[in-house]
$ cat target.tsv   # TSV, C-alpha atoms and all ligand atoms
chain	number	residue	atom	x	y	z
I	1	MET	CA	121.89	88.23	100.71
I	2	ALA	CA	120.52	84.88	99.62
I	3	SER	CA	122.42	82.90	102.27
I	4	MET	CA	124.90	80.75	100.35
I	5	PRO	CA	127.05	79.22	103.10
I	6	ASP	CA	128.81	76.79	100.75
I	7	LEU	CA	130.31	79.70	98.81
I	8	TYR	CA	130.92	82.20	101.58
I	9	GLY	CA	131.29	80.14	104.74
I	10	TYR	CA	128.34	81.62	106.68
I	11	ALA	CA	124.56	81.80	106.52
I	12	VAL	CA	122.56	85.04	106.31
I	13	SER	CA	119.11	85.35	107.86
I	14	ALA	CA	116.24	86.89	105.90
I	15	GLU	CA	115.94	89.60	108.54
I	16	ARG	CA	119.61	90.62	108.19
I	17	ALA	CA	119.35	90.59	104.39
I	18	VAL	CA	116.23	92.78	104.30
I	19	GLU	CA	117.72	95.20	106.83
I	20	THR	CA	120.87	95.50	104.69
I	21	MET	CA	118.78	96.03	101.57
I	22	LEU	CA	116.78	98.82	103.22
I	23	GLU	CA	120.07	100.47	104.15
I	24	VAL	CA	121.07	100.33	100.47
I	25	PHE	CA	117.79	102.00	99.45
I	26	ASP	CA	118.48	104.81	101.95
I	27	SER	CA	121.98	105.40	100.56
I	28	GLU	CA	123.48	106.84	97.40
I	29	ILE	CA	124.05	103.29	96.11
I	30	ASN	CA	121.42	102.81	93.43
I	31	PHE	CA	122.43	99.73	91.44
I	32	ILE	CA	121.34	96.33	92.74
I	33	ASP	CA	122.40	93.00	91.31
I	34	THR	CA	120.64	89.69	91.89
I	35	SER	CA	119.70	86.52	90.04
I	36	ASN	CA	116.84	84.07	89.79
I	37	GLY	CA	119.20	81.37	91.04
I	38	TYR	CA	120.83	83.09	94.04
I	39	GLY	CA	120.02	81.04	97.14
I	40	ALA	CA	117.45	78.29	97.64
I	41	ASP	CA	114.04	78.82	96.02
I	42	GLY	CA	114.81	82.35	94.86
I	43	ALA	CA	115.85	83.56	98.32
I	44	SER	CA	117.75	86.61	97.05
I	45	GLU	CA	114.91	87.90	94.90
I	46	LEU	CA	112.34	87.13	97.61
I	47	ARG	CA	114.34	89.09	100.20
I	48	ILE	CA	114.85	92.02	97.84
I	49	GLY	CA	111.13	91.84	97.01
I	50	GLU	CA	110.33	92.10	100.72
I	51	ALA	CA	112.51	95.21	101.04
I	52	LEU	CA	110.89	96.68	97.91
I	53	ARG	CA	107.41	96.14	99.36
I	54	ALA	CA	108.50	97.82	102.62
I	55	ARG	CA	109.58	100.86	100.57
I	56	GLY	CA	106.48	100.85	98.34
I	57	GLY	CA	108.40	99.80	95.22
I	58	LEU	CA	111.73	100.49	93.61
I	59	PRO	CA	113.08	103.95	94.54
I	60	PRO	CA	112.86	106.23	91.48
I	61	ASP	CA	116.63	106.52	90.99
I	62	ALA	CA	117.37	102.81	91.53
I	63	VAL	CA	118.31	100.25	88.90
I	64	LEU	CA	117.72	96.62	89.69
I	65	ALA	CA	119.27	93.92	87.55
I	66	THR	CA	118.46	90.24	87.70
I	67	LYS	CA	119.48	87.22	85.66
I	68	VAL	CA	117.89	84.19	84.06
I	69	ASP	CA	118.93	80.79	85.36
I	70	PRO	CA	118.29	77.18	84.32
I	71	ASP	CA	115.50	75.11	85.84
I	72	PRO	CA	117.03	74.06	89.19
I	73	VAL	CA	115.66	70.52	88.90
I	74	THR	CA	116.06	69.59	85.22
I	75	GLY	CA	118.89	71.96	84.24
I	76	ASP	CA	116.83	73.09	81.22
I	77	PHE	CA	118.16	76.43	79.93
I	78	SER	CA	116.07	76.68	76.76
I	79	GLY	CA	114.18	79.74	75.56
I	80	LYS	CA	111.08	78.36	77.28
I	81	ARG	CA	112.93	78.17	80.58
I	82	VAL	CA	114.24	81.73	80.10
I	83	ARG	CA	110.64	83.00	79.96
I	84	ALA	CA	109.69	80.97	83.06
I	85	SER	CA	112.75	82.31	84.90
I	86	VAL	CA	111.70	85.90	84.15
I	87	GLU	CA	108.14	85.27	85.30
I	88	GLU	CA	109.43	83.85	88.59
I	89	SER	CA	111.71	86.85	89.07
I	90	LEU	CA	108.94	89.38	88.39
I	91	THR	CA	106.64	87.65	90.89
I	92	ARG	CA	109.28	87.43	93.61
I	93	LEU	CA	110.38	91.03	93.14
I	94	GLY	CA	106.85	92.38	92.73
I	95	LEU	CA	107.76	94.17	89.48
I	96	ASP	CA	106.07	94.20	86.08
I	97	ARG	CA	109.23	94.65	84.03
I	98	LEU	CA	112.99	94.46	84.47
I	99	GLN	CA	115.42	97.27	83.75
I	100	LEU	CA	118.40	95.01	83.10
I	101	LEU	CA	118.28	91.27	82.52
I	102	TYR	CA	121.35	89.06	82.20
I	103	PHE	CA	121.94	85.66	80.67
I	104	HIS	CA	123.55	84.10	83.75
I	105	ASP	CA	126.59	81.82	83.65
I	106	PRO	CA	126.17	80.71	80.03
I	107	GLU	CA	129.12	78.37	80.55
I	108	ARG	CA	126.48	75.91	81.77
I	109	ILE	CA	125.32	75.20	78.21
I	110	ALA	CA	126.84	74.97	74.73
I	111	PHE	CA	127.08	78.24	72.79
I	112	GLU	CA	125.31	76.62	69.84
I	113	ASP	CA	122.35	75.57	72.01
I	114	ALA	CA	122.06	79.06	73.49
I	115	MET	CA	122.07	80.60	70.00
I	116	ALA	CA	119.54	78.14	68.47
I	117	PRO	CA	116.17	79.55	67.26
I	118	GLU	CA	114.38	78.19	70.36
I	119	GLY	CA	117.36	78.93	72.57
I	120	ALA	CA	118.03	81.25	75.49
I	121	VAL	CA	119.42	84.22	73.55
I	122	ALA	CA	116.51	84.42	71.08
I	123	ALA	CA	114.10	84.35	74.04
I	124	LEU	CA	115.99	87.15	75.78
I	125	VAL	CA	115.95	89.30	72.64
I	126	ALA	CA	112.20	88.67	72.29
I	127	LEU	CA	111.63	89.68	75.93
I	128	ARG	CA	113.43	92.95	75.25
I	129	GLU	CA	111.34	93.54	72.13
I	130	GLU	CA	108.18	92.86	74.15
I	131	GLY	CA	109.24	95.45	76.75
I	132	LEU	CA	109.63	93.00	79.65
I	133	ALA	CA	113.34	93.80	79.83
I	134	ASP	CA	114.72	97.23	78.96
I	135	HIS	CA	118.30	96.04	78.45
I	136	LEU	CA	120.13	92.74	78.09
I	137	GLY	CA	123.47	91.62	79.45
I	138	VAL	CA	125.54	88.48	79.71
I	139	ALA	CA	127.10	87.55	83.06
I	140	GLY	CA	129.57	84.80	83.65
I	141	GLY	CA	133.04	83.45	84.22
I	142	PRO	CA	135.13	82.35	81.24
I	143	VAL	CA	136.39	85.49	79.52
I	144	GLY	CA	136.67	83.89	76.07
I	145	LEU	CA	133.04	82.77	76.15
I	146	LEU	CA	131.79	86.20	77.27
I	147	ARG	CA	133.69	87.78	74.37
I	148	ARG	CA	132.01	85.30	72.03
I	149	TYR	CA	128.60	86.37	73.34
I	150	LEU	CA	129.47	90.04	72.89
I	151	GLY	CA	130.22	89.16	69.26
I	152	THR	CA	126.55	88.20	68.76
I	153	GLY	CA	125.56	91.86	69.16
I	154	ALA	CA	122.64	90.87	71.43
I	155	PHE	CA	124.03	92.30	74.68
I	156	GLU	CA	124.45	95.84	75.97
I	157	ALA	CA	126.21	94.95	79.23
I	158	VAL	CA	128.53	92.25	80.51
I	159	ILE	CA	129.35	91.11	84.05
I	160	THR	CA	132.76	89.67	84.69
I	161	HIS	CA	133.54	88.48	88.22
I	162	ASN	CA	136.71	87.84	90.21
I	163	ARG	CA	138.71	88.46	87.02
I	164	TYR	CA	139.55	92.14	87.26
I	165	THR	CA	140.95	92.52	90.76
I	166	LEU	CA	144.23	93.30	92.47
I	167	VAL	CA	145.27	89.65	92.08
I	168	ASP	CA	143.62	88.44	88.86
I	169	ARG	CA	143.54	90.37	85.57
I	170	SER	CA	142.04	87.70	83.29
I	171	ALA	CA	139.31	90.09	82.11
I	172	GLU	CA	141.70	92.60	80.52
I	173	PRO	CA	140.88	91.48	76.93
I	174	LEU	CA	137.16	91.55	77.73
I	175	LEU	CA	137.42	95.14	78.95
I	176	ALA	CA	139.21	96.11	75.73
I	177	ASP	CA	136.67	94.27	73.58
I	178	ALA	CA	133.65	95.73	75.39
I	179	ALA	CA	135.05	99.28	75.19
I	180	GLU	CA	135.45	98.87	71.43
I	181	ARG	CA	131.88	97.55	71.05
I	182	GLY	CA	130.31	100.15	73.36
I	183	VAL	CA	129.17	97.45	75.80
I	184	ALA	CA	129.06	98.38	79.51
I	185	VAL	CA	131.31	96.30	81.77
I	186	VAL	CA	130.01	95.60	85.26
I	187	ASN	CA	132.69	94.16	87.53
I	188	GLY	CA	131.47	91.75	90.20
I	189	ALA	CA	133.39	90.56	93.25
I	190	PRO	CA	136.17	93.16	93.55
I	191	TYR	CA	137.18	91.41	96.79
I	192	GLY	CA	137.47	88.06	95.03
I	193	GLY	CA	134.48	86.85	97.06
I	194	GLY	CA	135.99	88.07	100.36
I	195	MET	CA	139.73	87.28	100.43
I	196	LEU	CA	140.78	90.81	99.50
I	197	VAL	CA	138.75	92.35	102.31
I	198	LYS	CA	138.88	89.73	105.06
I	199	GLY	CA	142.45	88.55	104.32
I	200	PRO	CA	143.67	85.14	103.10
I	201	ASP	CA	143.78	83.68	106.59
I	202	ALA	CA	140.14	84.50	107.40
I	203	GLN	CA	138.93	83.77	103.82
I	204	PRO	CA	141.26	81.33	102.00
I	205	LEU	CA	138.91	81.06	98.98
I	206	TYR	CA	139.41	83.24	95.93
I	207	GLY	CA	136.66	83.20	93.32
I	208	TYR	CA	134.82	80.56	95.43
I	209	ARG	CA	137.71	78.05	95.26
I	210	PRO	CA	140.87	77.57	97.32
I	211	ALA	CA	143.43	80.26	96.44
I	212	SER	CA	146.97	79.25	95.52
I	213	GLU	CA	149.76	79.83	98.04
I	214	VAL	CA	151.39	82.34	95.73
I	215	ALA	CA	148.16	84.37	95.41
I	216	LYS	CA	147.70	84.35	99.20
I	217	ASP	CA	151.31	85.52	99.66
I	218	ARG	CA	150.78	88.36	97.19
I	219	VAL	CA	147.68	89.43	99.10
I	220	ARG	CA	149.60	89.35	102.39
I	221	THR	CA	152.24	91.63	100.83
I	222	MET	CA	149.52	93.99	99.55
I	223	ARG	CA	147.99	94.12	103.02
I	224	ARG	CA	151.39	94.99	104.51
I	225	ILE	CA	151.87	97.84	102.01
I	226	CYS	CA	148.39	99.16	102.74
I	227	ASP	CA	148.97	98.94	106.50
I	228	GLU	CA	152.22	100.91	106.17
I	229	HIS	CA	150.26	103.73	104.51
I	230	GLY	CA	147.26	103.55	106.84
I	231	ILE	CA	144.99	102.41	104.00
I	232	PRO	CA	142.40	99.65	104.52
I	233	PRO	CA	143.32	96.86	102.07
I	234	ALA	CA	139.66	96.70	101.02
I	235	ALA	CA	139.84	100.33	99.84
I	236	ALA	CA	142.58	99.40	97.39
I	237	ALA	CA	140.69	96.28	96.27
I	238	LEU	CA	137.47	98.21	95.68
I	239	GLN	CA	139.08	101.21	94.00
I	240	TYR	CA	141.15	98.96	91.73
I	241	SER	CA	137.79	98.41	90.03
I	242	THR	CA	136.06	101.78	90.53
I	243	ARG	CA	139.06	103.77	89.21
I	244	GLU	CA	139.17	101.79	85.95
I	245	PRO	CA	137.45	103.93	83.29
I	246	ARG	CA	136.39	100.92	81.18
I	247	ILE	CA	134.28	99.62	84.10
I	248	ALA	CA	130.81	101.17	84.25
I	249	SER	CA	129.90	99.82	87.68
I	250	THR	CA	131.26	97.57	90.41
I	251	ILE	CA	129.19	95.03	92.35
I	252	VAL	CA	130.17	94.48	95.98
I	253	GLY	CA	128.55	91.66	97.93
I	254	ILE	CA	127.38	92.83	101.35
I	255	THR	CA	125.13	91.12	103.85
I	256	ALA	CA	125.35	93.14	107.03
I	257	PRO	CA	123.85	96.46	108.08
I	258	GLY	CA	126.72	98.90	108.44
I	259	ARG	CA	128.40	97.66	105.27
I	260	VAL	CA	126.88	100.43	103.12
I	261	ALA	CA	128.61	103.21	105.08
I	262	GLN	CA	131.83	101.14	105.21
I	263	THR	CA	131.73	100.56	101.47
I	264	LEU	CA	131.26	104.25	100.69
I	265	GLU	CA	134.14	105.11	103.02
I	266	LEU	CA	136.37	102.55	101.31
I	267	TYR	CA	135.32	103.92	97.91
I	268	ARG	CA	136.42	107.44	98.92
I	269	TRP	CA	139.58	106.58	100.86
I	270	PRO	CA	142.48	108.61	99.40
I	271	ILE	CA	145.15	106.33	97.90
I	272	PRO	CA	148.33	107.98	96.63
I	273	ASP	CA	149.84	107.03	93.26
I	274	GLU	CA	152.95	105.60	94.93
I	275	VAL	CA	150.77	102.98	96.64
I	276	TRP	CA	149.15	102.01	93.33
I	277	ASP	CA	152.66	101.74	91.86
I	278	GLN	CA	153.57	99.23	94.56
I	279	LEU	CA	150.32	97.24	94.36
I	280	GLU	CA	150.00	97.05	90.58
I	281	PRO	CA	152.84	94.52	89.99
I	282	LEU	CA	151.66	92.23	92.80
I	283	ALA	CA	148.96	90.46	90.77
I	284	ALA	CA	149.30	86.68	90.97
I	285	PRO	CA	151.28	85.12	88.11
I	286	GLU	CA	149.14	84.66	84.99
I	287	GLU	CA	149.06	80.87	85.28
I	288	GLU	CA	147.13	81.29	88.56
I	289	TRP	CA	144.38	83.46	87.04
I	290	LEU	CA	140.85	82.11	86.69
I	291	ARG	CA	140.64	83.04	82.95
I	301	LIG	N1	128.14	85.15	87.33
I	301	LIG	C1	127.77	86.30	87.87
I	301	LIG	O1	126.93	87.02	87.33
I	301	LIG	C2	128.37	86.76	89.17
I	301	LIG	C3	129.37	86.01	89.77
I	301	LIG	C4	129.92	86.48	90.95
I	301	LIG	C5	129.43	87.64	91.54
I	301	LIG	N2	128.42	88.32	90.94
I	301	LIG	C6	127.82	89.51	91.57
I	301	LIG	O2	128.80	90.25	92.25
I	301	LIG	C7	128.45	90.33	93.62
I	301	LIG	C8	129.68	90.41	94.46
I	301	LIG	O3	130.36	89.19	94.47
I	301	LIG	P1	130.70	88.43	95.83
I	301	LIG	O4	129.75	88.86	96.89
I	301	LIG	O5	130.81	87.00	95.53
I	301	LIG	O6	132.17	88.91	96.16
I	301	LIG	P2	132.87	90.23	96.74
I	301	LIG	O7	132.01	91.42	96.54
I	301	LIG	O8	134.23	90.25	96.18
I	301	LIG	O9	133.01	89.88	98.29
I	301	LIG	C9	131.92	89.72	99.14
I	301	LIG	C10	132.46	89.40	100.50
I	301	LIG	O10	133.13	90.56	100.99
I	301	LIG	C11	132.65	90.86	102.29
I	301	LIG	N3	132.64	92.30	102.49
I	301	LIG	C12	132.08	93.25	101.70
I	301	LIG	N4	132.30	94.46	102.22
I	301	LIG	C13	132.98	94.28	103.38
I	301	LIG	C14	133.50	95.16	104.37
I	301	LIG	N5	133.35	96.48	104.27
I	301	LIG	N6	134.15	94.63	105.42
I	301	LIG	C15	134.31	93.29	105.53
I	301	LIG	N7	133.86	92.39	104.63
I	301	LIG	C16	133.19	92.89	103.56
I	301	LIG	C17	131.25	90.30	102.36
I	301	LIG	O11	130.99	90.05	103.70
I	301	LIG	P3	129.58	90.23	104.43
I	301	LIG	O12	128.72	89.14	103.88
I	301	LIG	O13	129.94	90.01	105.85
I	301	LIG	O14	129.05	91.61	104.15
I	301	LIG	C18	131.39	89.05	101.50
I	301	LIG	O15	131.87	87.97	102.27
I	301	LIG	C19	127.57	89.10	93.88
I	301	LIG	O16	126.76	89.27	95.02
I	301	LIG	C20	126.77	89.07	92.59
I	301	LIG	O17	125.73	90.02	92.66
I	301	LIG	C21	127.88	87.91	89.76
$ encode --input "target.tsv" --output "structure tokens" --more "lines below"
Ligand SMILES: NC(=O)c1ccc[n+]([C@@H]2O[C@H](COP(=O)([O-])OP(=O)(O)OC[C@H]3O[C@@H](n4cnc5c(N)ncnc54)[C@H](OP(=O)(O)O)[C@@H]3O)[C@@H](O)[C@H]2O)c1
Amino acid sequence: MASMPDLYGYAVSAERAVETMLEVFDSEINFIDTSNGYGADGASELRIGEALRARGGLPPDAVLATKVDPDPVTGDFSGKRVRASVEESLTRLGLDRLQLLYFHDPERIAFEDAMAPEGAVAALVALREEGLADHLGVAGGPVGLLRRYLGTGAFEAVITHNRYTLVDRSAEPLLADAAERGVAVVNGAPYGGGMLVKGPDAQPLYGYRPASEVAKDRVRTMRRICDEHGIPPAAAALQYSTREPRIASTIVGITAPGRVAQTLELYRWPIPDEVWDQLEPLAAPEEEWLR
């Protein structure tokens, strides 16, 4: 939505993004994920803000989540920056409070700095107390670090990405941990950023980096199995996440009108147990996982 050609291999115009967003608002999909730092100069939030203005505000049943990011110039990710990030987001989105606010990619700073009295986490907790954010989450990559943040008790939701998919199961211990703590798991990138929907030949990146040959081979085998059963491979990739009871919601990246209807069709595509039995063991070997 933000146009991030370095990560995805193609640019997305503002017009296409807004049109896609309006399609989302007209559908039964009611959970939108963005971040202060997605795209240049807040492009994702600005485009979503434009769609919100066209609809006269957030539809009553919709939940919009955004995330705090470091200062793009200085890299500052202090408590002060967290407050500035939220103010930018509110302005771009045209909202006066946020329903769900994540600490985004905390792997960019030391845990001790984030937890300091003037640090990012204290600022987030204060923003929740002040009513500017209804709920707090932590969103990032390394599973061990996310579990450490859940241990602080500050967060009600966690985003893991690219780590609970048909090929990579790194997030398994996070799912177990979150279930025990009563924290909601939101699973981003069920297609691994595109490879599991477009195929490893069209999209050779997994989790925004080149996929290993073994992972690509496993995906080719999965695609063959799906083809034999007349199932779109993307349906299996998406439902691998949506069928998991410990996952509260799944975030799919879409940037083209038409994708909403496709996504809902993939979500509902019947997949027999025997196909799951064949796909389940085809995850890449553990040493290939992102972790
Ligand atoms: N640290 C974090 O918090 C974090 C990290 C990663 C992701 N996330 C969240 O999770 C979201 C999803 O991640 P992602 O977008 O990187 O990966 P993804 O959802 O696994 O894959 C997105 C890719 O799949 C394609 N796609 C989606 N539906 C399709 C369909 N029906 N047919 C063909 N292609 C389809 C999209 O293409 P088109 O562009 O052509 O539609 C896009 O290239 C992100 O947008 C973000 O909100 C959060």
$ residues_near_ligand --input "target.tsv" --ligand "ligand LIG 301 (chain I)" --cutoff "6 Å" --atoms "only C-alpha atoms and all ligand atoms" --output "list of chain:residue names"
I:Tyr8, I:Asp33, I:Thr34, I:His104, I:Asp105, I:Ala139, I:Gly140, I:Ile159, I:His161, I:Gly188, I:Ala189, I:Pro190, I:Tyr191, I:Gly192, I:Gly193, I:Gly194, I:Val197, I:Lys198, I:Ile251, I:Val252, I:Gly253, I:Ile254, I:Thr255, I:Ala256, I:Arg259, I:Gln262, I:Thr263
$ atom_distance --input "target.tsv" --atom1 "atom CA of Ala65 of chain I" --atom2 "atom CA of Glu45 of chain I"
10.5 Å
$ atom_distance --input "target.tsv" --atom1 "atom CA of Thr91 of chain I" --atom2 "atom CA of Ala122 of chain I"
22.4 Å
$ atom_distance --input "target.tsv" --atom1 "atom CA of Val73 of chain I" --atom2 "atom CA of Leu95 of chain I"
24.9 Å
$ closest_residue --input "target.tsv" --among "I:Ser78, I:Thr160, I:Gln278, I:Ser3" --to "Ile225 of chain I" --atoms "all atoms listed in the file"
I:Gln278
